[in-house]
Amino acid sequence: MDSDAIPSLFASLQIPANHTSVGLSNLVASNAEAKALFHHKRLPEVGWSDVHIQRLLFELSVLDTNCEETVKCQLSSSASAGKFTHRWTGAGEREGRIYSTLVSQRHYGLGHGIGRSGDVMEAQPKAVGSSALLRLALRLILDAVRRGAGLNGNSGKGNQPSGPAANGTLLPVCTGMSIALVLSGLRDRAKKIDGVVSDSKPERNVVLWSRIDQKSCYKAILAAGLKCVVLPTRAHPDTDEVSTDLDALQSALSKYGNEILAVITTTSCFCPRVPDEVDKVAKTIKLWNDERPGAGVSHVINHAYGLQCQATNKLLNRACTIGRVDAIICSTDKNFLVPVGGALILSPDSSVVESISKNYPGRASASPVIDLFITLLSMGLEGYKKVLEERRRLTGLFQSQLERIAEKFGERTLKCPRNTISFGMTLDKLVCVESEQNSDAGVALKEQNKQITKFGSMLFTRCVSGTRVVAKNETKTISGHTFVGFGSSHDSYSHAYMTAACAVGLGEAEMNEFFARLDKSLKDY
């Protein structure tokens, strides 16, 4: 409703002018905040109310076509009235029609999705409201990772290198599928730069992957139609950490040369794995590319839930300053407390983001973007910073409580100072003496691992989720490749252990209850 017309309209209803002015001030303030949001394209300092957010969503919905009524309503009205009363008629095969009123309400009438067949970020003629929501959500999340998480958003003007958050795009898929889409986009970009394939310029179809025992990344590489070369990790001599083997990377670069499309590193991982030394990897790749023409080897960083870690974000800033970084993949659910289903892709290079966006096939679901948009407005910058700060505050308490329980049961915590999200505790004392004395080493190992994994099941039956229990020397074959010591990201890790994470959204009361149940489970076991 036009705020300028309200005084005269309300006066015609005999509502006193002084009463109208009070209510009108609320509307003016709400309109001013919405205008400021579109003008500055930044997170509000303080989060909005639910009513305020819903009002904006419905206004954006009205801007889309074919959103007046559900199909169910049209069917019932046509049976009684035989007349179509809405402004828009749709004669295409996909007109944003929704049968269920409940589904329509869940999506605020935004049924057209985002993007077009040529670009996931492209505006839709029939869905200007949805298009505006997508563009605004991207600007808000970029603001959040810059001013909240501390990633550099420098656009590379002058002699300054571009920061990791200089450019970005949103994808309505999880981390694994996002990795596949990023690799596909980088492959298309490399083909344009390298030109015709020849003996001197072979097709880039090899990805070097610094090993981390999470299935999704490995499967994403294969899903993109690429060959994965698994780089071994290195056990740190002075701690329990498992991390990047830079010598193995250098050897693989020399072996596969111009066949390499990208190197994938990881910054968010389960203990004892710690973030890859992405700054050193970035520098190594840059020096390698500087000596060779063409697109060069790209560097993709799996930063799935790493935005919540200040130290890792600083590492990304340094990597983009001293070396080559092409794309950084961040999960929306793990970092911003929304339902599973979305990813933020960051890059110092705008052409990389463009290639990835244009590589997405068809339109995309708007659901993950709507969830993210609502959450960011609800949080505001102040709320987002508070969530990050609360996690940092709990980290020390989490670690000390795990140390206390480990000592109580004759175990110890894993020394992995470079991983401040996932923490580990040895489970070596869970092994029965009888199993260790078994004359058949193979039988003893199987029995040992069976006992250890049983403890993981015990935790779950006691309503403890998210922990990982890893036995020694387990093997797992994924798409033809056998990983030895699966779970620890190393062929011969010396401990059986369990991990637990101090991640965003965890509250102190929930943390205390987790340790109480862990204590009781170890005692009962």
# chains A, B, ... in the order shown; residues from 1 in each chain; ligands from 1
>>> residues_around(residues="Leu133 in chain A", least_positions_apart="2", cutoff="9 Å", atoms="only C-alpha atoms", output="CSV table (one decimal) with N, CA and C atoms, in the first residue's frame")
chain,number,residue,atom,x,y,z
A,57,LEU,N,9.3,-11.0,1.3
A,57,LEU,CA,9.2,-12.2,0.5
A,57,LEU,C,7.9,-12.2,-0.3
A,60,LEU,N,8.2,-9.7,-3.1
A,60,LEU,CA,9.0,-10.3,-4.2
A,60,LEU,C,8.2,-11.3,-5.0
A,128,VAL,N,10.9,-11.9,-12.1
A,128,VAL,CA,11.8,-10.8,-11.7
A,128,VAL,C,12.0,-10.8,-10.1
A,129,GLY,N,10.9,-11.2,-9.4
A,129,GLY,CA,11.1,-11.2,-7.9
A,129,GLY,C,12.0,-12.3,-7.5
A,130,SER,N,11.9,-13.5,-8.1
A,130,SER,CA,12.9,-14.6,-7.7
A,130,SER,C,14.3,-14.2,-8.2
A,131,SER,N,14.4,-13.5,-9.3
A,131,SER,CA,15.8,-13.1,-9.8
A,131,SER,C,16.4,-12.1,-8.8
A,135,ARG,N,19.9,-12.5,-6.6
A,135,ARG,CA,21.1,-11.6,-6.7
A,135,ARG,C,21.3,-11.0,-5.3
A,136,LEU,N,20.3,-10.6,-4.6
A,136,LEU,CA,20.4,-10.0,-3.3
A,136,LEU,C,21.0,-11.0,-2.2
A,137,ALA,N,20.5,-12.3,-2.3
A,137,ALA,CA,21.0,-13.3,-1.4
A,137,ALA,C,22.5,-13.5,-1.6
A,138,LEU,N,23.0,-13.4,-2.9
A,138,LEU,CA,24.4,-13.6,-3.1
A,138,LEU,C,25.2,-12.4,-2.5
A,369,VAL,N,18.1,-21.1,-1.7
A,369,VAL,CA,18.4,-19.6,-1.8
A,369,VAL,C,17.4,-18.9,-0.8
A,370,ILE,N,16.1,-19.3,-0.9
A,370,ILE,CA,15.1,-18.7,0.0
A,370,ILE,C,15.5,-18.9,1.5
A,373,PHE,N,18.4,-16.7,2.3
A,373,PHE,CA,18.0,-15.3,2.3
A,373,PHE,C,17.3,-15.0,3.7
>>> atom_distance(atom1="CA of Leu231 in chain A", atom2="CA of Pro202 in chain A")
21.6 Å
>>> closest_residue(among="A:Asn335, A:Thr395, A:Thr244, A:Thr426", to="Tyr493 in chain A", atoms="only C-alpha atoms")
A:Thr426
>>> select_by_dssp(residues="range 46-268 of chain A", states="helix (DSSP H, G or I)", output="PyMOL selection string")
chain A and resi 50-62+71-81+101-106+128-148+175-194+215-223+246-259
